[in-house]
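What follows is the content of target-v5.cif, which has mmCIF, C-alpha atoms:
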```
data_coords
loop_
_atom_site.label_atom_id
_atom_site.label_comp_id
_atom_site.auth_asym_id
_atom_site.auth_seq_id
_atom_site.Cartn_x
_atom_site.Cartn_y
_atom_site.Cartn_z
CA ARG A 20 -25.24 11.57 -13.08
CA LEU A 21 -25.00 7.83 -12.67
CA ILE A 22 -27.39 7.70 -9.70
CA PRO A 23 -30.02 10.19 -8.46
CA GLN A 24 -29.11 12.49 -5.60
CA THR A 25 -31.77 11.07 -3.28
CA LYS A 26 -30.54 7.52 -3.83
CA PHE A 27 -26.95 8.64 -3.23
CA ILE A 28 -27.90 10.23 0.10
CA ALA A 29 -29.87 7.11 1.09
CA LEU A 30 -26.83 4.92 0.38
CA LEU A 31 -24.59 7.17 2.47
CA CYS A 32 -27.04 7.13 5.37
CA SER A 33 -27.35 3.34 5.26
CA LEU A 34 -23.56 3.06 5.20
CA GLY A 35 -23.28 5.39 8.21
CA ILE A 36 -25.90 3.44 10.17
CA THR A 37 -24.09 0.18 9.37
CA LEU A 38 -20.80 1.66 10.57
CA LEU A 39 -22.37 2.80 13.85
CA PHE A 40 -23.93 -0.63 14.33
CA ASN A 41 -20.55 -2.23 13.71
CA THR A 42 -18.95 0.10 16.28
CA VAL A 43 -21.50 -0.99 18.90
CA LEU A 44 -20.91 -4.68 18.13
CA GLN A 45 -17.17 -4.13 18.62
CA PHE A 46 -17.79 -2.73 22.11
CA GLY A 47 -17.44 0.91 21.13
CA ASN A 48 -14.37 0.64 18.92
CA ALA A 49 -13.44 4.31 18.55
CA LEU A 50 -11.03 3.47 15.71
CA LEU A 51 -14.03 2.91 13.42
CA LEU A 52 -15.50 6.30 14.30
CA SER A 53 -12.27 8.07 13.33
CA SER A 54 -11.58 5.98 10.23
CA TYR A 55 -11.31 7.50 6.77
CA LEU A 56 -14.56 5.71 5.85
CA ALA A 57 -16.45 7.33 8.71
CA CYS A 58 -15.01 10.74 7.85
CA SER A 59 -15.76 10.40 4.13
CA ILE A 60 -19.50 9.82 4.72
CA PRO A 61 -20.25 13.36 6.02
CA ALA A 62 -17.91 14.73 3.36
CA CYS A 63 -20.00 13.10 0.64
CA LEU A 64 -23.21 14.29 2.33
CA VAL A 65 -21.89 17.86 2.18
CA ILE A 66 -21.18 17.46 -1.52
CA ALA A 67 -24.66 16.05 -2.11
CA SER A 68 -26.27 18.97 -0.25
CA LEU A 69 -24.24 21.46 -2.29
CA GLN A 70 -24.98 19.77 -5.62
CA ASN A 71 -26.94 22.71 -7.02
CA LEU A 72 -24.01 25.00 -6.26
CA PHE A 73 -21.54 22.68 -8.03
CA ASN A 74 -23.86 22.38 -11.04
CA LYS A 75 -23.45 26.10 -11.71
CA LEU A 76 -19.96 25.28 -13.03
CA HIS A 77 -21.74 23.56 -15.97
CA TRP A 78 -18.67 21.65 -17.22
CA THR A 79 -18.87 18.07 -15.87
CA PRO A 80 -15.10 17.37 -15.53
CA LEU A 81 -14.67 20.62 -13.57
CA ILE A 82 -17.61 19.70 -11.33
CA ALA A 83 -16.10 16.27 -10.64
CA PHE A 84 -12.68 17.78 -9.90
CA CYS A 85 -14.08 20.33 -7.45
CA GLU A 86 -16.18 17.68 -5.71
CA LEU A 87 -13.12 15.47 -5.36
CA ILE A 88 -11.06 18.30 -3.85
CA VAL A 89 -13.81 19.16 -1.36
CA ALA A 90 -14.32 15.49 -0.42
CA VAL A 91 -10.62 14.78 0.16
CA THR A 92 -10.02 18.04 2.06
CA PHE A 93 -13.08 17.59 4.28
CA THR A 94 -12.20 13.93 4.98
CA VAL A 95 -8.57 14.63 5.90
CA ILE A 96 -9.47 17.56 8.17
CA MET A 97 -12.22 15.63 9.91
CA LYS A 98 -9.96 12.59 10.29
CA GLY A 99 -7.25 14.67 11.93
CA PHE A 100 -9.76 16.42 14.20
CA LEU A 101 -11.44 13.20 15.42
CA SER A 102 -8.13 11.39 15.93
CA PHE A 103 -6.85 14.30 18.01
CA GLN A 104 -10.02 14.69 20.07
CA LEU A 105 -10.40 10.95 20.71
CA GLY A 106 -6.66 10.43 21.19
CA ILE A 107 -6.55 7.63 18.63
CA GLN A 108 -3.24 6.58 17.11
CA ASP A 109 -4.14 2.96 16.31
CA ASP A 110 -4.11 3.49 12.54
CA ALA A 111 -1.10 5.82 12.43
CA HIS A 112 1.12 2.99 11.20
CA ILE A 113 -0.89 2.72 7.96
CA GLY A 114 0.28 6.13 6.78
CA ALA A 115 3.83 5.26 7.84
CA ILE A 116 3.72 2.04 5.79
CA LEU A 117 2.52 3.90 2.70
CA LEU A 118 5.19 6.53 3.25
CA SER A 119 7.88 3.84 3.44
CA LYS A 120 6.66 2.42 0.12
CA PHE A 121 7.42 5.61 -1.78
CA THR A 122 10.25 7.13 0.25
CA SER A 123 13.28 6.01 2.23
CA TYR A 124 11.39 6.40 5.51
CA GLN A 125 11.86 3.49 7.93
CA ASP A 126 10.96 2.69 11.50
CA PHE A 127 10.48 -0.48 13.51
CA HIS A 128 6.79 -0.89 12.70
CA THR A 129 7.07 -0.25 8.97
CA GLN A 130 9.98 -2.68 8.72
CA LEU A 131 8.04 -5.30 10.61
CA TYR A 132 5.45 -5.13 7.85
CA THR A 133 7.48 -4.48 4.72
CA CYS A 134 10.16 -7.02 5.63
CA SER A 135 7.51 -9.75 5.22
CA ALA A 136 6.99 -11.13 1.73
CA GLU A 137 3.21 -10.78 1.97
CA PHE A 138 3.53 -7.02 2.55
CA ASP A 139 5.96 -6.45 -0.30
CA PHE A 140 4.95 -5.15 -3.74
CA ILE A 141 3.01 -7.71 -5.73
CA SER A 142 5.02 -9.75 -8.23
CA LEU A 143 4.35 -9.99 -11.96
CA ILE A 144 3.99 -13.76 -11.50
CA TYR A 145 0.54 -13.16 -10.01
CA PHE A 146 -0.72 -11.36 -13.11
CA GLY A 147 0.98 -13.96 -15.29
CA LYS A 148 -0.99 -16.75 -13.63
CA LEU A 149 -4.23 -14.79 -13.96
CA SER A 150 -3.46 -14.23 -17.64
CA LEU A 151 -3.08 -17.97 -18.25
CA THR A 152 -6.65 -18.48 -17.03
CA LEU A 153 -7.72 -15.43 -19.09
CA LEU A 154 -9.15 -13.79 -15.96
CA PHE A 155 -6.87 -10.76 -16.17
CA PRO A 156 -7.43 -10.08 -19.93
CA ILE A 157 -11.19 -10.53 -19.57
CA VAL A 158 -11.42 -8.15 -16.60
CA PHE A 159 -9.16 -5.63 -18.35
CA LEU A 160 -11.49 -5.72 -21.37
CA ILE A 161 -14.60 -5.30 -19.20
CA ILE A 162 -13.17 -2.41 -17.18
CA SER A 163 -11.97 -0.69 -20.35
CA ASN A 164 -15.43 -1.04 -21.87
CA ILE A 165 -17.18 0.23 -18.76
CA GLY A 166 -14.73 3.12 -18.52
CA PHE A 167 -15.28 4.07 -22.15
CA GLN A 168 -19.08 4.02 -21.81
CA THR A 169 -18.88 5.99 -18.56
CA LEU A 170 -16.82 8.72 -20.18
CA LEU A 171 -19.33 8.93 -23.02
CA LEU A 172 -22.11 9.22 -20.48
CA VAL A 173 -20.27 11.88 -18.46
CA PHE A 174 -19.57 13.97 -21.55
CA ASN A 175 -23.12 13.33 -22.89
CA GLY A 176 -21.76 11.90 -26.10
CA ASN A 177 -23.31 8.44 -26.15
CA PRO A 178 -26.36 8.55 -28.42
CA GLN A 179 -27.36 5.01 -27.55
CA ILE A 180 -27.63 5.84 -23.85
CA LYS A 181 -29.44 9.09 -24.71
CA GLU A 182 -31.96 7.11 -26.76
CA GLU A 183 -32.57 4.70 -23.88
CA ILE A 184 -33.07 7.58 -21.45
CA SER A 185 -35.49 9.32 -23.80
CA GLN A 186 -37.41 6.06 -24.20
CA SER A 187 -37.48 5.79 -20.42
CA HIS A 188 -39.01 9.27 -20.14
CA GLU A 189 -41.61 8.38 -22.79
CA ASN A 190 -42.56 5.26 -20.89
CA LYS A 191 -42.89 7.29 -17.69
CA SER A 192 -45.15 9.84 -19.39
CA ASN A 193 -47.33 7.15 -21.01
CA LYS A 194 -47.50 4.89 -17.98
CA LYS A 195 -47.15 6.67 -14.70
CA ASN A 196 -47.00 3.40 -12.76
CA VAL A 197 -44.04 2.10 -14.78
CA LYS A 198 -40.64 3.05 -13.40
CA VAL A 199 -37.67 2.52 -15.64
CA ASP A 200 -34.18 3.48 -14.50
CA THR A 201 -31.77 2.99 -17.38
CA THR A 202 -28.71 4.17 -15.50
CA ALA A 203 -29.08 2.22 -12.22
CA ILE A 204 -27.50 -0.94 -13.60
CA GLU A 205 -24.79 1.07 -15.28
CA ALA A 206 -23.99 2.71 -11.94
CA ALA A 207 -23.58 -0.73 -10.36
CA TYR A 208 -21.13 -1.74 -13.09
CA VAL A 209 -19.14 1.45 -12.65
CA TYR A 210 -19.02 0.86 -8.91
CA HIS A 211 -17.63 -2.67 -9.31
CA ALA A 212 -15.11 -1.50 -11.88
CA LEU A 213 -13.89 1.28 -9.59
CA GLN A 214 -13.78 -1.13 -6.66
CA CYS A 215 -11.66 -3.50 -8.72
CA LEU A 216 -9.25 -0.68 -9.58
CA CYS A 217 -9.00 0.29 -5.89
CA PHE A 218 -8.29 -3.31 -4.91
CA SER A 219 -5.69 -3.48 -7.68
CA GLY A 220 -3.86 -0.48 -6.24
CA MET A 221 -4.00 -1.98 -2.76
CA ALA A 222 -2.71 -5.35 -3.97
CA ILE A 223 0.13 -3.78 -5.94
CA LEU A 224 1.33 -1.96 -2.81
CA LEU A 225 0.74 -4.87 -0.42
CA MET A 226 0.72 -8.32 -1.97
CA ARG A 227 -1.36 -9.73 0.88
CA LEU A 228 -4.32 -7.63 -0.20
CA LYS A 229 -4.67 -9.63 -3.40
CA LEU A 230 -7.15 -11.66 -1.36
CA PHE A 231 -9.57 -8.78 -2.06
CA LEU A 232 -8.57 -8.37 -5.70
CA THR A 233 -8.95 -11.93 -7.01
CA PRO A 234 -12.59 -12.43 -5.87
CA GLN A 235 -13.52 -8.98 -7.16
CA MET A 236 -12.02 -9.79 -10.55
CA SER A 237 -13.96 -13.06 -10.64
CA ILE A 238 -17.20 -11.19 -9.90
CA LEU A 239 -16.45 -8.63 -12.58
CA ALA A 240 -15.69 -11.37 -15.13
CA GLY A 241 -19.35 -12.37 -14.93
CA LEU A 242 -20.22 -9.23 -16.92
CA LEU A 243 -18.70 -10.86 -19.99
CA THR A 244 -22.14 -11.94 -21.13
CA ASN A 245 -23.93 -8.74 -20.15
CA THR A 246 -25.75 -6.88 -22.91
CA LYS A 247 -25.26 -3.49 -21.23
CA VAL A 248 -21.46 -3.81 -21.17
CA PHE A 249 -21.00 -5.23 -24.67
CA ARG A 250 -23.74 -3.46 -26.58
CA LYS A 251 -22.29 -4.04 -30.03
CA LEU A 252 -22.18 -7.84 -29.83
CA SER A 253 -25.17 -9.77 -31.08
CA GLY A 254 -26.61 -12.59 -29.01
CA ASN A 255 -25.01 -15.38 -31.06
CA HIS A 256 -21.59 -13.72 -31.09
CA ARG A 257 -21.75 -13.13 -27.34
CA VAL A 258 -22.63 -16.76 -26.59
CA SER A 259 -19.94 -18.08 -28.93
CA MET A 260 -17.28 -15.80 -27.45
CA THR A 261 -18.26 -16.83 -23.93
CA TYR A 262 -18.00 -20.56 -24.66
CA ILE A 263 -14.63 -20.15 -26.40
CA LEU A 264 -13.15 -18.14 -23.52
CA ILE A 265 -14.47 -20.60 -20.91
CA ILE A 266 -12.94 -23.55 -22.77
CA ILE A 267 -9.55 -21.83 -23.13
CA SER A 268 -9.46 -20.68 -19.48
CA SER A 269 -10.50 -24.14 -18.28
CA ILE A 270 -7.29 -25.67 -19.64
CA SER A 271 -5.08 -23.70 -17.26
CA GLY A 272 -7.73 -23.88 -14.56
CA LEU A 273 -7.76 -27.68 -14.60
CA TRP A 274 -3.96 -27.72 -14.33
CA ASN A 275 -4.14 -25.45 -11.28
CA LEU A 276 -6.87 -27.58 -9.74
CA SER A 277 -4.85 -30.74 -10.34
CA ASP A 278 -1.76 -29.20 -8.71
CA GLN A 279 -3.74 -28.24 -5.64
CA MET A 280 -5.39 -31.66 -5.35
CA ASN A 281 -1.98 -33.36 -5.50
CA ILE A 282 -0.75 -31.52 -2.41
CA LEU A 283 -0.78 -34.01 0.47
CA GLY A 284 0.45 -33.48 4.00
CA GLU A 285 -0.46 -33.02 7.62
CA TYR A 286 0.36 -30.49 10.28
CA ASN A 287 2.82 -31.78 12.85
CA ASN A 288 4.68 -29.60 15.34
CA PRO A 289 5.94 -31.68 18.29
CA GLU A 290 8.15 -28.81 19.51
CA MET A 291 5.14 -26.53 19.96
CA GLU A 292 3.17 -29.36 21.57
CA GLY A 293 6.05 -29.89 24.01
CA LEU A 294 6.08 -26.17 24.85
CA VAL A 295 2.33 -26.06 25.44
CA ASN A 296 2.40 -29.19 27.60
CA TRP A 297 5.23 -27.75 29.70
CA ILE A 298 3.37 -24.47 30.22
CA ASN A 299 0.23 -26.32 31.32
CA SER A 300 2.08 -28.61 33.70
CA SER A 301 4.91 -26.48 35.06
CA THR A 302 3.74 -22.86 35.34
CA PRO A 303 1.14 -21.17 37.57
CA LYS A 304 -2.24 -20.31 36.08
CA ASP A 305 -1.48 -16.61 36.45
CA ALA A 306 2.02 -16.75 34.94
CA VAL A 307 2.50 -13.88 32.47
CA PHE A 308 4.07 -14.71 29.09
CA ALA A 309 5.53 -12.64 26.27
CA GLY A 310 7.14 -13.49 22.92
CA GLY A 311 6.43 -13.51 19.22
CA MET A 312 2.88 -12.50 18.34
CA PRO A 313 1.92 -15.78 16.60
CA ILE A 314 3.10 -18.00 19.46
CA MET A 315 1.37 -15.72 21.98
CA ALA A 316 -1.97 -16.38 20.30
CA THR A 317 -1.30 -20.12 20.65
CA VAL A 318 -0.30 -19.79 24.32
CA LYS A 319 -3.47 -17.85 25.16
CA LEU A 320 -5.73 -20.25 23.27
CA THR A 321 -4.24 -23.53 24.52
CA THR A 322 -3.11 -22.68 28.05
CA GLY A 323 -5.22 -19.71 29.11
CA ARG A 324 -2.16 -17.98 30.57
CA PRO A 325 -2.06 -14.15 30.57
CA ILE A 326 -0.09 -12.69 27.66
CA VAL A 327 1.38 -9.22 27.15
CA ASN A 328 1.19 -8.99 23.34
CA HIS A 329 -0.80 -10.66 20.60
CA PRO A 330 -1.31 -10.36 16.79
CA HIS A 331 -3.77 -7.42 16.94
CA TYR A 332 -1.07 -5.06 15.68
CA GLU A 333 -3.60 -2.36 14.77
CA SER A 334 -3.60 -1.33 18.43
CA SER A 335 -1.00 1.35 19.19
CA GLY A 336 -0.55 -0.07 22.69
CA ILE A 337 0.17 -3.55 21.33
CA ARG A 338 2.63 -2.08 18.83
CA GLU A 339 4.63 -0.33 21.53
CA ARG A 340 4.62 -3.39 23.79
CA THR A 341 5.72 -5.61 20.94
CA LYS A 342 8.58 -3.27 20.11
CA LEU A 343 9.85 -3.60 23.70
CA ILE A 344 9.41 -7.39 23.75
CA TYR A 345 11.12 -8.00 20.43
CA THR A 346 14.31 -6.46 21.80
CA ILE A 347 15.14 -10.06 22.79
CA TYR A 348 16.11 -10.46 19.11
CA SER A 349 18.11 -7.22 19.03
CA LYS A 350 21.59 -6.18 20.14
CA ARG A 351 20.30 -4.30 23.16
CA ASP A 352 21.96 -4.76 26.53
CA ALA A 353 20.62 -7.63 28.68
CA GLN A 354 19.88 -5.31 31.60
CA GLU A 355 17.83 -2.96 29.42
CA ILE A 356 15.88 -5.89 27.96
CA PHE A 357 15.23 -7.15 31.49
CA ASN A 358 14.03 -3.71 32.60
CA ASN A 359 11.66 -3.44 29.62
CA LEU A 360 10.14 -6.84 30.32
CA ARG A 361 9.81 -6.16 34.05
CA ARG A 362 8.02 -2.89 33.27
CA LEU A 363 5.51 -4.92 31.27
CA GLN A 364 5.16 -7.35 34.22
CA VAL A 365 6.44 -10.27 32.13
CA GLN A 366 7.46 -13.40 34.04
CA TYR A 367 8.33 -15.76 31.16
CA ILE A 368 9.70 -14.87 27.76
CA ILE A 369 9.43 -17.36 24.86
CA MET A 370 12.22 -17.13 22.30
CA GLU A 371 12.05 -18.83 18.91
CA ASP A 372 15.23 -20.00 17.25
CA ILE A 373 14.02 -19.26 13.72
CA TRP A 374 13.33 -15.62 14.58
CA CYS A 375 16.86 -14.95 15.75
CA ASN A 376 18.27 -14.75 12.22
CA LYS A 377 15.03 -14.61 10.26
CA GLN A 378 15.07 -12.13 7.37
CA TYR A 379 13.10 -11.85 4.13
CA ARG A 380 15.82 -9.79 2.49
CA GLN A 381 19.06 -8.05 3.41
CA GLY A 382 18.66 -5.75 6.39
CA CYS A 383 15.40 -7.32 7.55
CA ALA A 384 16.68 -9.36 10.50
CA PHE A 385 15.34 -8.08 13.82
CA HIS A 386 18.76 -6.98 15.03
CA ASP A 387 19.13 -4.93 11.81
CA ILE A 388 15.71 -3.35 12.25
CA TYR A 389 16.55 -2.17 15.76
CA LEU A 390 19.71 -0.51 14.46
CA ILE A 391 17.42 2.13 12.90
CA ASP A 392 16.66 3.41 16.42
CA PHE A 393 19.85 2.24 18.13
CA PRO A 394 22.76 2.55 15.67
CA GLN A 395 25.19 2.57 18.59
CA ASP A 396 24.47 -1.16 19.15
CA LYS A 397 26.01 -2.16 15.83
CA ASN A 398 29.02 -3.95 17.36
CA GLN A 399 27.15 -5.52 20.29
CA PRO A 400 26.24 -9.25 20.44
CA ILE A 401 22.74 -10.38 19.49
CA PHE A 402 20.85 -11.18 22.70
CA CYS A 403 19.04 -14.26 21.38
CA LEU A 404 22.37 -15.77 20.28
CA LEU A 405 24.05 -14.77 23.51
CA VAL A 406 21.60 -16.69 25.69
CA THR A 407 22.26 -19.91 23.77
CA LYS A 408 25.83 -19.84 25.11
CA LYS A 409 25.54 -18.05 28.44
CA ILE A 410 22.42 -17.01 30.30
CA PRO A 411 22.65 -13.48 31.77
CA PRO A 412 22.11 -13.34 35.55
CA GLN A 413 18.80 -11.48 35.10
CA PHE A 414 17.28 -14.57 33.46
CA LYS A 415 16.96 -18.29 34.15
CA GLU A 416 16.42 -20.94 31.50
CA VAL A 417 13.42 -23.10 32.45
CA PHE A 418 12.58 -24.84 29.15
CA ILE A 419 14.30 -25.57 25.87
CA ASN A 420 13.76 -27.77 22.83
CA LYS A 421 14.73 -27.65 19.17
CA ASN A 422 12.67 -24.55 18.33
CA TYR A 423 11.82 -22.80 21.60
CA GLN A 424 13.66 -21.49 24.62
CA VAL A 425 11.82 -20.14 27.65
CA LEU A 426 13.55 -17.75 30.04
CA GLN A 427 12.16 -16.80 33.42
CA LEU A 428 12.90 -13.34 34.74
CA VAL A 429 14.77 -13.48 38.04
CA THR A 430 13.05 -11.34 40.65
#
```

Please express the file's structure as structure tokens.
Amino acid sequence: RLIPQTKFIALLCSLGITLLFNTVLQFGNALLLSSYLACSIPACLVIASLQNLFNKLHWTPLIAFCELIVAVTFTVIMKGFLSFQLGIQDDAHIGAILLSKFTSYQDFHTQLYTCSAEFDFISLIYFGKLSLTLLFPIVFLIISNIGFQTLLLVFNGNPQIKEEISQSHENKSNKKNVKVDTTAIEAAYVYHALQCLCFSGMAILLMRLKLFLTPQMSILAGLLTNTKVFRKLSGNHRVSMTYILIIISSISGLWNLSDQMNILGEYNNPEMEGLVNWINSSTPKDAVFAGGMPIMATVKLTTGRPIVNHPHYESSGIRERTKLIYTIYSKRDAQEIFNNLRRLQVQYIIMEDIWCNKQYRQGCAFHDIYLIDFPQDKNQPIFCLLVTKKIPPQFKEVFINKNYQVLQLVT
């Protein structure tokens, strides 16, 4: 075992307490209580309590396999039970996104994610850049080394670790007040290596999640000089290797730093400023707005007007509202779009010109995405293009500039 059973249970309990505390701070966010993390904690506690029963199998790989099966089964069952009892569907889209990655499954919400470049599979360019700075090769070497030593420890075939453990027991018998734990540090290394592998899988599936992977790889690279990871290297060889690798990686690193320092510019969006000024000066304080999620966040922050949707897409309610609102970029009938917006009590709808034909790749325009649910609309005109030529009687144009068009619903 990498860590003692008592310490493992203490870590799980502290993690559970932290999760409950986080739930309270988020005003009783039930999504956290039904998350896979929350469900995995009692699953691991069950495994820890049944450790003596699992140990009767004697063969370590079989023990690990059985524990994994029990943990996954318990977690999935508990997740389904809690989600059903609490009526939580906020994280249902996560499974749908993963399903769309490996199958031909598509719906509006999965397309809204996967049609964005940041939610696509990660490109090889990313690993190429990390290789130029030697970060990727160094981390690969460290993880391989940790994995090799862990397998030796699991199969009890590493005499060097055995010798250290026996020395630890001798020290404990000779000096009762001296506590030496030779595997605690090793367990921390294994944890960080496994965490890095998990982040790698996440980043490969969703490029945006590389924001977790890169810092973790940088942390793991610090083990390059660690004597526990590279046991065979002498002190002088380790220092020399470290200096050589730092010098080589600094060459590409300085180029990257220079490129970033040479980027000059300023944020300037007069069209958005004009929209915000018009809202503040020409609409009632209680006017209800709807539109693209990013612009809605701006409207709420800068004008204080009520909004119907916003970028918190993890909420199932927000997802369904957004799907109705984004029909303004589809080929749906004007009357149906009007009815959907009226049902949401929308008074003003903000349309963005760039979103009307925006697509990351073929089939990713909004009007194409809606054809998944409404294939019968294939030959109908796109609503957002239609209103640039003729405004339907259900709407009235009240503001327009180069990027934005605001329509008021006619009561």

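Among the candidates A:Gln279, A:Gln70, A:Thr317, A:Ser59, the one nearest to Leu34 in chain A when counting all atoms listed in the file is A:Ser59.
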
Within 6 Å of range 378-390 of chain A, counting all atoms listed in the file, which residues show up once you throw out same-chain ones fewer than 3 positions away? Write them as a list in words, please. Cys134, Tyr348, Ser349, Lys350, Phe393 and Pro394 of chain A

Just give me the gap between CA of Val327 in chain A and CA of Ser54 in chain A in Å, one decimal is fine. 26.2 Å

Counting only C-alpha atoms, write as a PDB file with C-alpha atoms, in the coordinates of the input all protein and nucleic acid residues lying at most 10 Å from (-10.3, 11.9, 12.2) in the file's frame.
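So the final result, stored in part00.pdb, reads:
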```
ATOM      1  CA  LEU A  50     -11.030   3.470  15.710  1.00  0.00           C
ATOM      2  CA  LEU A  51     -14.030   2.910  13.420  1.00  0.00           C
ATOM      3  CA  LEU A  52     -15.500   6.300  14.300  1.00  0.00           C
ATOM      4  CA  SER A  53     -12.270   8.070  13.330  1.00  0.00           C
ATOM      5  CA  SER A  54     -11.580   5.980  10.230  1.00  0.00           C
ATOM      6  CA  TYR A  55     -11.310   7.500   6.770  1.00  0.00           C
ATOM      7  CA  LEU A  56     -14.560   5.710   5.850  1.00  0.00           C
ATOM      8  CA  ALA A  57     -16.450   7.330   8.710  1.00  0.00           C
ATOM      9  CA  CYS A  58     -15.010  10.740   7.850  1.00  0.00           C
ATOM     10  CA  SER A  59     -15.760  10.400   4.130  1.00  0.00           C
ATOM     11  CA  THR A  94     -12.200  13.930   4.980  1.00  0.00           C
ATOM     12  CA  VAL A  95      -8.570  14.630   5.900  1.00  0.00           C
ATOM     13  CA  ILE A  96      -9.470  17.560   8.170  1.00  0.00           C
ATOM     14  CA  MET A  97     -12.220  15.630   9.910  1.00  0.00           C
ATOM     15  CA  LYS A  98      -9.960  12.590  10.290  1.00  0.00           C
ATOM     16  CA  GLY A  99      -7.250  14.670  11.930  1.00  0.00           C
ATOM     17  CA  PHE A 100      -9.760  16.420  14.200  1.00  0.00           C
ATOM     18  CA  LEU A 101     -11.440  13.200  15.420  1.00  0.00           C
ATOM     19  CA  SER A 102      -8.130  11.390  15.930  1.00  0.00           C
ATOM     20  CA  PHE A 103      -6.850  14.300  18.010  1.00  0.00           C
ATOM     21  CA  GLN A 104     -10.020  14.690  20.070  1.00  0.00           C
ATOM     22  CA  LEU A 105     -10.400  10.950  20.710  1.00  0.00           C
ATOM     23  CA  GLY A 106      -6.660  10.430  21.190  1.00  0.00           C
ATOM     24  CA  ILE A 107      -6.550   7.630  18.630  1.00  0.00           C
TER      25      ILE A 107
END
```

Between A:Asn255, A:Ser277, A:Thr407, A:Asn287, which one has atoms that come closest to Ile419 in chain A, using all atoms listed in the file?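 Ranked by minimum distance to Ile419 in chain A, first place goes to A:Thr407.
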
Close residues, Ser271 in chain A itself excluded, 12 Å, all atoms listed in the file, min 2 positions apart in chain, as JSON, numbers by chain: {"A": [147, 148, 149, 150, 151, 152, 153, 154, 264, 265, 266, 267, 268, 269, 273, 274, 275, 276, 277, 278]}

On this structure, the PyMOL selection byres ((chain A and resi 315) around 12) would catch which residues? List them as a count of residues only, sorted by chain and number. 34

Any idea what the distance is between CA of Arg340 in chain A and CA of Asp126 in chain A?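 Interatomic distance, CA of Arg340 in chain A to CA of Asp126 in chain A: 15.1 Å.
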
Please, what distance in Å, to one decimal, runs between CA of Phe27 in chain A and CA of Gln235 in chain A?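 Taking CA of Phe27 in chain A and CA of Gln235 in chain A, their separation equals 22.5 Å.
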
Selected residue, from A:Gln354, A:Gln214, A:Gln427, A:Thr346, that lies nearest to Ile162 in chain A when counting all atoms listed in the file: A:Gln214

Enumerate, as a count of residues only, the protein, DNA and RNA residues whose atoms approach (-18.8, -9.4, -20.5) to within 9 Å, taking into account all atoms listed in the file and the coordinate frame of the file. 17

Skip Lys415 in chain A itself and residues of its chain fewer than 3 positions away, then list as a PDB file with C-alpha atoms, in the frame of the given file all residues within 8 Å of it, counting all atoms listed in the file.
```pdb
ATOM      1  CA  ILE A 410      22.420 -17.010  30.300  1.00  0.00           C
ATOM      2  CA  PRO A 411      22.650 -13.480  31.770  1.00  0.00           C
ATOM      3  CA  PRO A 412      22.110 -13.340  35.550  1.00  0.00           C
ATOM      4  CA  LEU A 426      13.550 -17.750  30.040  1.00  0.00           C
ATOM      5  CA  GLN A 427      12.160 -16.800  33.420  1.00  0.00           C
ATOM      6  CA  LEU A 428      12.900 -13.340  34.740  1.00  0.00           C
ATOM      7  CA  VAL A 429      14.770 -13.480  38.040  1.00  0.00           C
TER       8      VAL A 429
END
```

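Using the PyMOL selection byres ((chain A and resi 115) around 9) on this structure selects Ala111, His112, Ile113, Gly114, Ile116, Leu117, Leu118, Ser119, Lys120, Tyr124, Gln125, Asp126, His128 and Thr129 of chain A.
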
Saved selection, atoms kept: C-alpha atoms, as a compact mmCIF listing (two decimals), keeping the file's coordinate frame:
```
# COMPACT_ATOMS: atom_id res chain seq x y z
CA ALA A 111 -1.10 5.82 12.43
CA HIS A 112 1.12 2.99 11.20
CA ILE A 113 -0.89 2.72 7.96
CA GLY A 114 0.28 6.13 6.78
CA ILE A 116 3.72 2.04 5.79
CA LEU A 117 2.52 3.90 2.70
CA LEU A 118 5.19 6.53 3.25
CA SER A 119 7.88 3.84 3.44
CA LYS A 120 6.66 2.42 0.12
CA TYR A 124 11.39 6.40 5.51
CA GLN A 125 11.86 3.49 7.93
CA ASP A 126 10.96 2.69 11.50
CA HIS A 128 6.79 -0.89 12.70
CA THR A 129 7.07 -0.25 8.97
```

Please give the centre and size of the box around range 214-226 of chain A (axis-aligned, containing every atom listed in the file, 3 Å added per side), with values in Å to one decimal and written as lines of an AutoDock Vina configuration file.
```
center_x = -6.2
center_y = -4.0
center_z = -5.0
size_x = 21.1
size_y = 14.6
size_z = 15.2
```

Contact residues around range 355-358 of chain A with all atoms listed in the file at 8 Å, ignoring same-chain residues under 3 positions, as number ranges by chain: A: 343-344, 346-347, 351-352, 361-362, 413-414, 428

Keeping only C-alpha atoms, write the selected residues as an mmCIF file, keeping the file's coordinate frame.
```cif
data_model
loop_
_atom_site.group_PDB
_atom_site.id
_atom_site.type_symbol
_atom_site.label_atom_id
_atom_site.label_comp_id
_atom_site.auth_asym_id
_atom_site.auth_seq_id
_atom_site.Cartn_x
_atom_site.Cartn_y
_atom_site.Cartn_z
ATOM 1 C CA LEU A 343 9.850 -3.600 23.700
ATOM 2 C CA ILE A 344 9.410 -7.390 23.750
ATOM 3 C CA THR A 346 14.310 -6.460 21.800
ATOM 4 C CA ILE A 347 15.140 -10.060 22.790
ATOM 5 C CA ARG A 351 20.300 -4.300 23.160
ATOM 6 C CA ASP A 352 21.960 -4.760 26.530
ATOM 7 C CA ARG A 361 9.810 -6.160 34.050
ATOM 8 C CA ARG A 362 8.020 -2.890 33.270
ATOM 9 C CA GLN A 413 18.800 -11.480 35.100
ATOM 10 C CA PHE A 414 17.280 -14.570 33.460
ATOM 11 C CA LEU A 428 12.900 -13.340 34.740
#
```

Find the residues near range 80-83 of chain A: any atom within 12 Å, counting only C-alpha atoms, skip ones fewer than 2 places away on the same chain, and give them as a PyMOL selection string. chain A and resi 20+66+69-78+85-90+170+172-175
